[in-house]
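Enquirer: Provided herewith: model28.pdb, PDB, C-alpha atoms.
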ATOM      1  CA  MET A1232      -9.273  10.387 -20.781
ATOM      2  CA  LYS A1233      -5.908  10.575 -22.456
ATOM      3  CA  LYS A1234      -5.181   7.683 -24.782
ATOM      4  CA  SER A1235      -2.785   5.247 -23.171
ATOM      5  CA  ASN A1236       0.656   4.654 -24.652
ATOM      6  CA  ILE A1237       1.376   1.824 -22.262
ATOM      7  CA  SER A1238       0.211  -1.772 -22.413
ATOM      8  CA  LYS A1239      -1.432  -3.710 -19.609
ATOM      9  CA  ASP A1240       1.586  -6.009 -19.278
ATOM     10  CA  GLU A1241       3.889  -3.002 -19.020
ATOM     11  CA  ILE A1242       1.767  -1.604 -16.180
ATOM     12  CA  ILE A1243       1.785  -4.967 -14.397
ATOM     13  CA  GLN A1244       5.545  -5.304 -14.820
ATOM     14  CA  LEU A1245       6.095  -1.759 -13.488
ATOM     15  CA  LEU A1246       3.930  -2.492 -10.457
ATOM     16  CA  ILE A1247       5.704  -5.782  -9.724
ATOM     17  CA  LYS A1248       9.134  -4.214 -10.209
ATOM     18  CA  SER A1249       8.212  -1.377  -7.873
ATOM     19  CA  LYS A1250       6.931  -3.834  -5.280
ATOM     20  CA  LYS A1251      10.096  -5.967  -5.405
ATOM     21  CA  GLU A1252      12.332  -2.901  -5.122
ATOM     22  CA  THR A1253      10.385  -1.645  -2.126
ATOM     23  CA  GLN A1254      10.466  -5.038  -0.391
ATOM     24  CA  GLU A1255      14.238  -5.172  -0.873
ATOM     25  CA  GLU A1256      14.618  -1.640   0.524
ATOM     26  CA  ILE A1257      12.484  -2.488   3.550
ATOM     27  CA  LYS A1258      14.647  -5.542   4.286
ATOM     28  CA  ASN A1259      17.665  -3.234   4.338
ATOM     29  CA  ASN A1260      15.931  -0.618   6.478
ATOM     30  CA  ALA A1261      16.304  -2.707   9.636
ATOM     31  CA  SER A1262      19.978  -1.632   9.562
ATOM     32  CA  ASN A1263      19.302   2.006   8.592
ATOM     33  CA  PRO A1264      20.227   4.356  11.516
ATOM     34  CA  ILE A1265      17.047   6.424  11.028
ATOM     35  CA  TYR A1266      14.940   3.283  11.334
ATOM     36  CA  ILE A1267      16.994   1.899  14.235
ATOM     37  CA  ASP A1268      16.407   5.174  16.103
ATOM     38  CA  ALA A1269      12.650   5.116  15.364
ATOM     39  CA  MET A1270      12.355   1.445  16.345
ATOM     40  CA  ASN A1271      14.146   2.162  19.644
ATOM     41  CA  LYS A1272      11.763   5.068  20.318
ATOM     42  CA  LEU A1273       8.802   2.758  19.782
ATOM     43  CA  ARG A1274      10.334   0.069  22.010
ATOM     44  CA  LEU A1275      10.661   2.635  24.805
ATOM     45  CA  LEU A1276       7.139   3.956  24.252
ATOM     46  CA  ASN A1277       5.556   0.519  24.100
ATOM     47  CA  ASN A1278       7.694  -1.380  26.600
ATOM     48  CA  PHE A1279       6.054  -4.678  25.559
TER      49      PHE A1279
ATOM     50  CA  MET B1214     -10.606   1.851  18.708
ATOM     51  CA  LYS B1215      -7.551   0.130  20.188
ATOM     52  CA  HIS B1216      -4.439   0.361  18.038
ATOM     53  CA  TYR B1217      -0.657   0.461  18.192
ATOM     54  CA  GLN B1218       1.331   3.664  18.395
ATOM     55  CA  PHE B1219       2.991   4.474  15.108
ATOM     56  CA  LEU B1220       5.772   6.810  14.004
ATOM     57  CA  TYR B1221       6.040   8.696  10.732
ATOM     58  CA  ILE B1222       9.587   8.389   9.426
ATOM     59  CA  GLY B1223       8.988  10.033   6.063
ATOM     60  CA  GLU B1224      12.096   9.508   3.958
ATOM     61  CA  LYS B1225      11.522   9.184   0.223
ATOM     62  CA  ASP B1226       8.442   6.937   0.363
ATOM     63  CA  ASN B1227       6.355   8.383   3.233
ATOM     64  CA  SER B1228       7.185   5.583   5.647
ATOM     65  CA  TYR B1229       5.397   4.767   8.886
ATOM     66  CA  ILE B1230       6.419   2.088  11.387
ATOM     67  CA  PHE B1231       4.758   0.390  14.340
ATOM     68  CA  GLU B1232       5.584  -2.417  16.760
ATOM     69  CA  THR B1233       3.184  -5.156  17.820
ATOM     70  CA  ARG B1234       3.059  -6.664  21.295
ATOM     71  CA  LYS B1235       4.855  -9.713  19.826
ATOM     72  CA  LYS B1236       7.706  -7.333  18.929
ATOM     73  CA  VAL B1237       7.146  -7.519  15.193
ATOM     74  CA  PHE B1238       7.914  -4.236  13.433
ATOM     75  CA  TYR B1239       5.806  -3.340  10.414
ATOM     76  CA  GLU B1240       6.567  -0.693   7.831
ATOM     77  CA  ILE B1241       3.833   1.009   5.839
ATOM     78  CA  ARG B1242       4.821   3.057   2.805
ATOM     79  CA  PHE B1243       3.019   5.350   0.430
ATOM     80  CA  LYS B1244       5.313   5.344  -2.563
ATOM     81  CA  ASN B1245       4.741   7.910  -5.287
ATOM     82  CA  SER B1246       3.681   6.016  -8.389
ATOM     83  CA  ASP B1247       2.750   8.715 -10.863
ATOM     84  CA  TYR B1248       5.073   7.127 -13.389
ATOM     85  CA  ILE B1249       2.797   4.104 -13.573
ATOM     86  CA  PHE B1250      -0.273   6.149 -14.321
ATOM     87  CA  GLU B1251       1.170   9.094 -16.215
ATOM     88  CA  ASN B1252       0.057   7.746 -19.567
ATOM     89  CA  LEU B1253      -3.358   6.804 -18.270
ATOM     90  CA  SER B1254      -4.516   9.975 -16.626
ATOM     91  CA  ASP B1255      -4.251  13.654 -17.417
ATOM     92  CA  THR B1256      -5.429  14.701 -13.979
ATOM     93  CA  ASN B1257      -4.078  14.496 -10.451
ATOM     94  CA  ASN B1258      -0.395  14.169 -11.283
ATOM     95  CA  GLY B1259       1.571  14.008  -8.038
ATOM     96  CA  LEU B1260      -1.249  12.356  -6.178
ATOM     97  CA  PHE B1261      -0.927   8.648  -6.996
ATOM     98  CA  TYR B1262       0.700   6.450  -4.371
ATOM     99  CA  GLU B1263       1.359   2.747  -4.050
ATOM    100  CA  PHE B1264       0.507   1.375  -0.617
ATOM    101  CA  VAL B1265       3.047  -1.114   0.722
ATOM    102  CA  ILE B1266       2.901  -3.140   3.916
ATOM    103  CA  ASP B1267       5.928  -5.173   4.908
ATOM    104  CA  ILE B1268       7.798  -6.495   7.930
ATOM    105  CA  LEU B1269      10.933  -4.748   9.135
ATOM    106  CA  GLU B1270      11.774  -7.102  11.977
ATOM    107  CA  ASN B1271      10.197 -10.373  13.047
ATOM    108  CA  PRO B1272      11.684 -12.430  15.895
ATOM    109  CA  HIS B1273       9.231 -15.261  15.118
ATOM    110  CA  LYS B1274      10.406 -15.976  11.558
ATOM    111  CA  PRO B1275       9.202 -17.757   9.496
ATOM    112  CA  PHE B1276       5.891 -17.369  11.359
ATOM    113  CA  ILE B1277       3.984 -14.095  11.455
ATOM    114  CA  PRO B1278       1.881 -13.861  14.640
ATOM    115  CA  ALA B1279      -1.767 -12.958  14.081
ATOM    116  CA  ASP B1280      -2.697  -9.704  15.774
ATOM    117  CA  GLU B1281      -6.075  -7.989  15.967
ATOM    118  CA  LEU B1282      -4.571  -4.510  16.373
ATOM    119  CA  ILE B1283      -2.742  -4.437  13.022
ATOM    120  CA  GLY B1284      -5.925  -3.660  11.048
ATOM    121  CA  PRO B1285      -7.020  -0.632  13.123
ATOM    122  CA  THR B1286      -3.436   0.676  13.186
ATOM    123  CA  ILE B1287      -3.209   0.563   9.382
ATOM    124  CA  ALA B1288      -6.593   2.309   9.134
ATOM    125  CA  LEU B1289      -5.287   5.162  11.318
ATOM    126  CA  ILE B1290      -2.099   5.401   9.266
ATOM    127  CA  PHE B1291      -4.266   5.751   6.148
ATOM    128  CA  ASN B1292      -6.199   8.562   7.821
ATOM    129  CA  ASP B1293      -2.979  10.277   8.844
ATOM    130  CA  PHE B1294      -1.570  10.133   5.317
ATOM    131  CA  TYR B1295      -4.775  11.391   3.696
ATOM    132  CA  ALA B1296      -5.064  14.211   6.261
ATOM    133  CA  ASN B1297      -2.365  16.008   4.254
ATOM    134  CA  ASP B1298      -4.450  15.996   1.081
ATOM    135  CA  HIS B1299      -7.912  14.512   0.544
ATOM    136  CA  ASN B1300      -7.239  14.194  -3.191
ATOM    137  CA  LEU B1301      -4.572  11.515  -2.798
ATOM    138  CA  VAL B1302      -5.124   8.226  -4.593
ATOM    139  CA  THR B1303      -3.646   4.938  -3.385
ATOM    140  CA  VAL B1304      -3.138   1.722  -5.277
ATOM    141  CA  TYR B1305      -2.578  -1.555  -3.460
ATOM    142  CA  VAL B1306      -1.066  -4.460  -5.351
ATOM    143  CA  CYS B1307      -0.795  -7.742  -3.460
ATOM    144  CA  ASP B1308       2.542  -9.511  -3.549
ATOM    145  CA  SER B1309       2.104 -12.404  -5.971
ATOM    146  CA  SER B1310       5.628 -13.862  -5.864
ATOM    147  CA  ASP B1311       4.520 -16.806  -3.674
ATOM    148  CA  ARG B1312       1.072 -17.103  -5.317
ATOM    149  CA  LYS B1313      -0.665 -16.047  -2.079
ATOM    150  CA  GLN B1314      -2.032 -12.841  -3.584
ATOM    151  CA  ASP B1315      -5.681 -13.827  -3.105
ATOM    152  CA  LEU B1316      -5.144 -14.528   0.607
ATOM    153  CA  ARG B1317      -3.435 -11.161   1.026
ATOM    154  CA  MET B1318      -6.257  -9.364  -0.735
ATOM    155  CA  LYS B1319      -8.797 -11.159   1.462
ATOM    156  CA  LYS B1320      -6.948 -10.007   4.597
ATOM    157  CA  PHE B1321      -6.623  -6.460   3.291
ATOM    158  CA  ASN B1322     -10.343  -6.370   2.479
ATOM    159  CA  GLN B1323     -11.181  -7.596   5.998
ATOM    160  CA  TRP B1324      -9.098  -4.805   7.531
ATOM    161  CA  PHE B1325     -10.441  -2.199   5.179
ATOM    162  CA  TYR B1326     -14.145  -2.899   5.639
ATOM    163  CA  LYS B1327     -13.903  -3.522   9.374
ATOM    164  CA  TYR B1328     -11.758  -0.562  10.388
ATOM    165  CA  GLN B1329     -11.595   2.068   7.657
ATOM    166  CA  ASP B1330     -14.043   4.918   8.021
ATOM    167  CA  THR B1331     -16.700   5.397   5.381
ATOM    168  CA  SER B1332     -15.090   8.504   3.883
ATOM    169  CA  PHE B1333     -13.011   6.203   1.670
ATOM    170  CA  LEU B1334     -13.970   4.401  -1.527
ATOM    171  CA  LYS B1335     -12.270   1.179  -2.622
ATOM    172  CA  VAL B1336     -12.452  -0.300  -6.089
ATOM    173  CA  ASP B1337     -11.110  -3.809  -6.677
ATOM    174  CA  GLU B1338      -9.904  -5.221  -9.944
ATOM    175  CA  ILE B1339      -8.062  -8.311 -11.098
ATOM    176  CA  VAL B1340      -5.795  -7.948 -14.091
ATOM    177  CA  THR B1341      -4.069 -10.792 -15.887
ATOM    178  CA  ASP B1342      -0.830 -10.678 -17.793
ATOM    179  CA  ASN B1343       0.064 -12.497 -21.002
ATOM    180  CA  LYS B1344       0.804 -15.668 -19.000
ATOM    181  CA  ASN B1345      -2.612 -15.508 -17.355
ATOM    182  CA  ASN B1346      -1.140 -14.733 -13.936
ATOM    183  CA  ARG B1347      -3.729 -12.948 -11.793
ATOM    184  CA  TYR B1348      -2.972  -9.713  -9.973
ATOM    185  CA  PRO B1349      -5.574  -8.357  -7.523
ATOM    186  CA  ILE B1350      -5.297  -4.559  -7.397
ATOM    187  CA  SER B1351      -7.259  -2.074  -5.301
ATOM    188  CA  LEU B1352      -7.752   1.631  -5.790
ATOM    189  CA  ILE B1353      -8.492   3.677  -2.662
ATOM    190  CA  LEU B1354      -9.562   7.300  -2.641
ATOM    191  CA  LYS B1355     -11.702   9.714  -0.670
ATOM    192  CA  ALA B1356     -15.383   9.722  -1.645
ATOM    193  CA  THR B1357     -15.118  13.517  -1.856
ATOM    194  CA  ASN B1358     -12.342  13.472  -4.457
ATOM    195  CA  PRO B1359     -13.685  15.783  -7.202
ATOM    196  CA  ASN B1360     -12.050  13.666  -9.924
ATOM    197  CA  ARG B1361     -13.235  10.328  -8.567
ATOM    198  CA  HIS B1362     -15.290   9.338 -11.628
ATOM    199  CA  LYS B1363     -12.435   9.955 -14.025
ATOM    200  CA  ILE B1364      -9.877   8.258 -11.750
ATOM    201  CA  ILE B1365     -12.054   5.165 -11.287
ATOM    202  CA  ASP B1366     -12.750   4.966 -15.037
ATOM    203  CA  THR B1367      -9.032   5.208 -15.708
ATOM    204  CA  PHE B1368      -8.248   2.516 -13.150
ATOM    205  CA  LEU B1369     -10.870   0.157 -14.554
ATOM    206  CA  SER B1370      -9.569   0.724 -18.068
ATOM    207  CA  ILE B1371      -6.283  -1.029 -17.213
ATOM    208  CA  LYS B1372      -8.054  -4.357 -17.569
ATOM    209  CA  HIS B1373      -9.092  -3.525 -21.113
ATOM    210  CA  LEU B1374      -5.751  -2.352 -22.371
ATOM    211  CA  THR B1375      -4.171  -4.582 -24.943
ATOM    212  CA  LYS B1376      -1.558  -6.986 -23.641
TER     213      LYS B1376
END
Can you present the structure in this file as structure tokens?
Expert:
Amino acid sequence: MKKSNISKDEIIQLLIKSKKETQEEIKNNASNPIYIDAMNKLRLLNNF
Amino acid sequence: MKHYQFLYIGEKDNSYIFETRKKVFYEIRFKNSDYIFENLSDTNNGLFYEFVIDILENPHKPFIPADELIGPTIALIFNDFYANDHNLVTVYVCDSSDRKQDLRMKKFNQWFYKYQDTSFLKVDEIVTDNKNNRYPISLILKATNPNRHKIIDTFLSIKHLTK
């Protein structure tokens, strides 16, 4: 195993930062045309 | 196994979406996370992904309706993603911003052990930061991954890194 140059706290902070960024992106995706199109396809397929 | 239909959108983070009968849309992502592990592992670069589950649209806000088909749908999405490459490695970190990380991990574990097929291995770990905040983290990989011992050792070593 290669010796780590990164600390545990740095790994945790990277993981949390990544998670927050992704959550923010997902919130914005509801208005993304690609997602709107896919959501409409699913609505038609499911017809709940 | 009953489940919801899902669509693969792709985009930059390998996104999947599905709709529940209560009209809640979920997004599942497999986000490349090599940068997190690049200093920890000298094998399998390009194969580490962070698993993310989040809600795209929820007409019942702030409530999230319980639904027994979410678990099996996520299990099938996992299978679909790993069908591309059995050597992929996924890390799941529970959202801890509202201090409900343990509940989320419990739910994820329930889904995983009830619906995921036995070709997968899951290793759970809890790491703490310098403020003693707890972060449950899971590593998921195929049991046939030829580098599984090294990957699991590397994952478990995070806990023993200096703060």
Enquirer: Quick one: residues within 8 Å of Ala1261 of chain A, all atoms listed in the file counted, chain neighbours fewer than 4 positions away excluded, as a list in words?
Expert: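 Final neighbour list, sorted by chain and number: Ile1257, Tyr1266 and Ile1267 of chain A; Leu1269 and Glu1270 of chain B.
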Enquirer: Can you check which parts of segment 1244-1340 of chain B lie within 9 Å of segment 1215-1237 of chain B? Per residue, the shortest pair of atoms and distance in Å to one decimal, counting all atoms listed in the file, sorted by chain and number, as JSON lines.
Expert:
{"residue": "B:Lys1244", "atom": "CA", "partner": "B:Asp1226", "partner_atom": "CA", "distance": 4.6}
{"residue": "B:Asn1245", "atom": "CA", "partner": "B:Asp1226", "partner_atom": "CA", "distance": 6.8}
{"residue": "B:Ile1268", "atom": "CA", "partner": "B:Val1237", "partner_atom": "CA", "distance": 7.4}
{"residue": "B:Leu1269", "atom": "CA", "partner": "B:Val1237", "partner_atom": "CA", "distance": 7.7}
{"residue": "B:Glu1270", "atom": "CA", "partner": "B:Val1237", "partner_atom": "CA", "distance": 5.7}
{"residue": "B:Asn1271", "atom": "CA", "partner": "B:Val1237", "partner_atom": "CA", "distance": 4.7}
{"residue": "B:Pro1272", "atom": "CA", "partner": "B:Val1237", "partner_atom": "CA", "distance": 6.7}
{"residue": "B:His1273", "atom": "CA", "partner": "B:Val1237", "partner_atom": "CA", "distance": 8.0}
{"residue": "B:Ile1277", "atom": "CA", "partner": "B:Val1237", "partner_atom": "CA", "distance": 8.2}
{"residue": "B:Pro1278", "atom": "CA", "partner": "B:Lys1235", "partner_atom": "CA", "distance": 7.3}
{"residue": "B:Asp1280", "atom": "CA", "partner": "B:Thr1233", "partner_atom": "CA", "distance": 7.7}
{"residue": "B:Glu1281", "atom": "CA", "partner": "B:His1216", "partner_atom": "CA", "distance": 8.8}
{"residue": "B:Leu1282", "atom": "CA", "partner": "B:His1216", "partner_atom": "CA", "distance": 5.1}
{"residue": "B:Ile1283", "atom": "CA", "partner": "B:His1216", "partner_atom": "CA", "distance": 7.1}
{"residue": "B:Gly1284", "atom": "CA", "partner": "B:His1216", "partner_atom": "CA", "distance": 8.2}
{"residue": "B:Pro1285", "atom": "CA", "partner": "B:His1216", "partner_atom": "CA", "distance": 5.6}
{"residue": "B:Thr1286", "atom": "CA", "partner": "B:His1216", "partner_atom": "CA", "distance": 5.0}
{"residue": "B:Ile1287", "atom": "CA", "partner": "B:His1216", "partner_atom": "CA", "distance": 8.7}
{"residue": "B:Leu1289", "atom": "CA", "partner": "B:His1216", "partner_atom": "CA", "distance": 8.3}
{"residue": "B:Ile1290", "atom": "CA", "partner": "B:Tyr1229", "partner_atom": "CA", "distance": 7.5}
{"residue": "B:Phe1294", "atom": "CA", "partner": "B:Asn1227", "partner_atom": "CA", "distance": 8.4}
Enquirer: Hey, can you spit out that residue selection with C-alpha atoms as a PDB file, in the coordinates of the input?
Expert:
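Output below, filename part-v9.pdb:
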ATOM      1  CA  LYS B1244       5.313   5.344  -2.563  1.00  0.00           C
ATOM      2  CA  ASN B1245       4.741   7.910  -5.287  1.00  0.00           C
ATOM      3  CA  ILE B1268       7.798  -6.495   7.930  1.00  0.00           C
ATOM      4  CA  LEU B1269      10.933  -4.748   9.135  1.00  0.00           C
ATOM      5  CA  GLU B1270      11.774  -7.102  11.977  1.00  0.00           C
ATOM      6  CA  ASN B1271      10.197 -10.373  13.047  1.00  0.00           C
ATOM      7  CA  PRO B1272      11.684 -12.430  15.895  1.00  0.00           C
ATOM      8  CA  HIS B1273       9.231 -15.261  15.118  1.00  0.00           C
ATOM      9  CA  ILE B1277       3.984 -14.095  11.455  1.00  0.00           C
ATOM     10  CA  PRO B1278       1.881 -13.861  14.640  1.00  0.00           C
ATOM     11  CA  ASP B1280      -2.697  -9.704  15.774  1.00  0.00           C
ATOM     12  CA  GLU B1281      -6.075  -7.989  15.967  1.00  0.00           C
ATOM     13  CA  LEU B1282      -4.571  -4.510  16.373  1.00  0.00           C
ATOM     14  CA  ILE B1283      -2.742  -4.437  13.022  1.00  0.00           C
ATOM     15  CA  GLY B1284      -5.925  -3.660  11.048  1.00  0.00           C
ATOM     16  CA  PRO B1285      -7.020  -0.632  13.123  1.00  0.00           C
ATOM     17  CA  THR B1286      -3.436   0.676  13.186  1.00  0.00           C
ATOM     18  CA  ILE B1287      -3.209   0.563   9.382  1.00  0.00           C
ATOM     19  CA  LEU B1289      -5.287   5.162  11.318  1.00  0.00           C
ATOM     20  CA  ILE B1290      -2.099   5.401   9.266  1.00  0.00           C
ATOM     21  CA  PHE B1294      -1.570  10.133   5.317  1.00  0.00           C
TER      22      PHE B1294
END
Enquirer: Take every atom of segment 1240-1252 of chain A listed in the file, pad by 6 Å on each side, and give me the axis-aligned box centre and edge lengths in Å, one decimal, as AutoDock Vina command-line options.
Expert:
--center_x 7.0 --center_y -3.7 --center_z -12.2 --size_x 22.7 --size_y 16.6 --size_z 26.2
Enquirer: Please return as a JSON list (two decimals) with C-alpha atoms, in the frame of the given file every residue within 12 Å of (4.7, 4.1, -8.4), taking into account all atoms listed in the file and the file's own coordinates.
Expert:
[["chain", "number", "residue", "atom", "x", "y", "z"],
["A", 1242, "ILE", "CA", 1.77, -1.60, -16.18],
["A", 1243, "ILE", "CA", 1.78, -4.97, -14.40],
["A", 1244, "GLN", "CA", 5.54, -5.30, -14.82],
["A", 1245, "LEU", "CA", 6.10, -1.76, -13.49],
["A", 1246, "LEU", "CA", 3.93, -2.49, -10.46],
["A", 1247, "ILE", "CA", 5.70, -5.78, -9.72],
["A", 1248, "LYS", "CA", 9.13, -4.21, -10.21],
["A", 1249, "SER", "CA", 8.21, -1.38, -7.87],
["A", 1250, "LYS", "CA", 6.93, -3.83, -5.28],
["A", 1251, "LYS", "CA", 10.10, -5.97, -5.40],
["A", 1252, "GLU", "CA", 12.33, -2.90, -5.12],
["A", 1253, "THR", "CA", 10.38, -1.64, -2.13],
["B", 1226, "ASP", "CA", 8.44, 6.94, 0.36],
["B", 1242, "ARG", "CA", 4.82, 3.06, 2.80],
["B", 1243, "PHE", "CA", 3.02, 5.35, 0.43],
["B", 1244, "LYS", "CA", 5.31, 5.34, -2.56],
["B", 1245, "ASN", "CA", 4.74, 7.91, -5.29],
["B", 1246, "SER", "CA", 3.68, 6.02, -8.39],
["B", 1247, "ASP", "CA", 2.75, 8.72, -10.86],
["B", 1248, "TYR", "CA", 5.07, 7.13, -13.39],
["B", 1249, "ILE", "CA", 2.80, 4.10, -13.57],
["B", 1250, "PHE", "CA", -0.27, 6.15, -14.32],
["B", 1251, "GLU", "CA", 1.17, 9.09, -16.22],
["B", 1258, "ASN", "CA", -0.40, 14.17, -11.28],
["B", 1259, "GLY", "CA", 1.57, 14.01, -8.04],
["B", 1260, "LEU", "CA", -1.25, 12.36, -6.18],
["B", 1261, "PHE", "CA", -0.93, 8.65, -7.00],
["B", 1262, "TYR", "CA", 0.70, 6.45, -4.37],
["B", 1263, "GLU", "CA", 1.36, 2.75, -4.05],
["B", 1264, "PHE", "CA", 0.51, 1.38, -0.62],
["B", 1265, "VAL", "CA", 3.05, -1.11, 0.72],
["B", 1302, "VAL", "CA", -5.12, 8.23, -4.59],
["B", 1303, "THR", "CA", -3.65, 4.94, -3.38],
["B", 1304, "VAL", "CA", -3.14, 1.72, -5.28],
["B", 1305, "TYR", "CA", -2.58, -1.56, -3.46],
["B", 1306, "VAL", "CA", -1.07, -4.46, -5.35]]
Enquirer: Between atom CA of Ile1350 of chain B and atom CA of Ser1238 of chain A, what is the distance, to one decimal in Å?
Expert: 16.2 Å
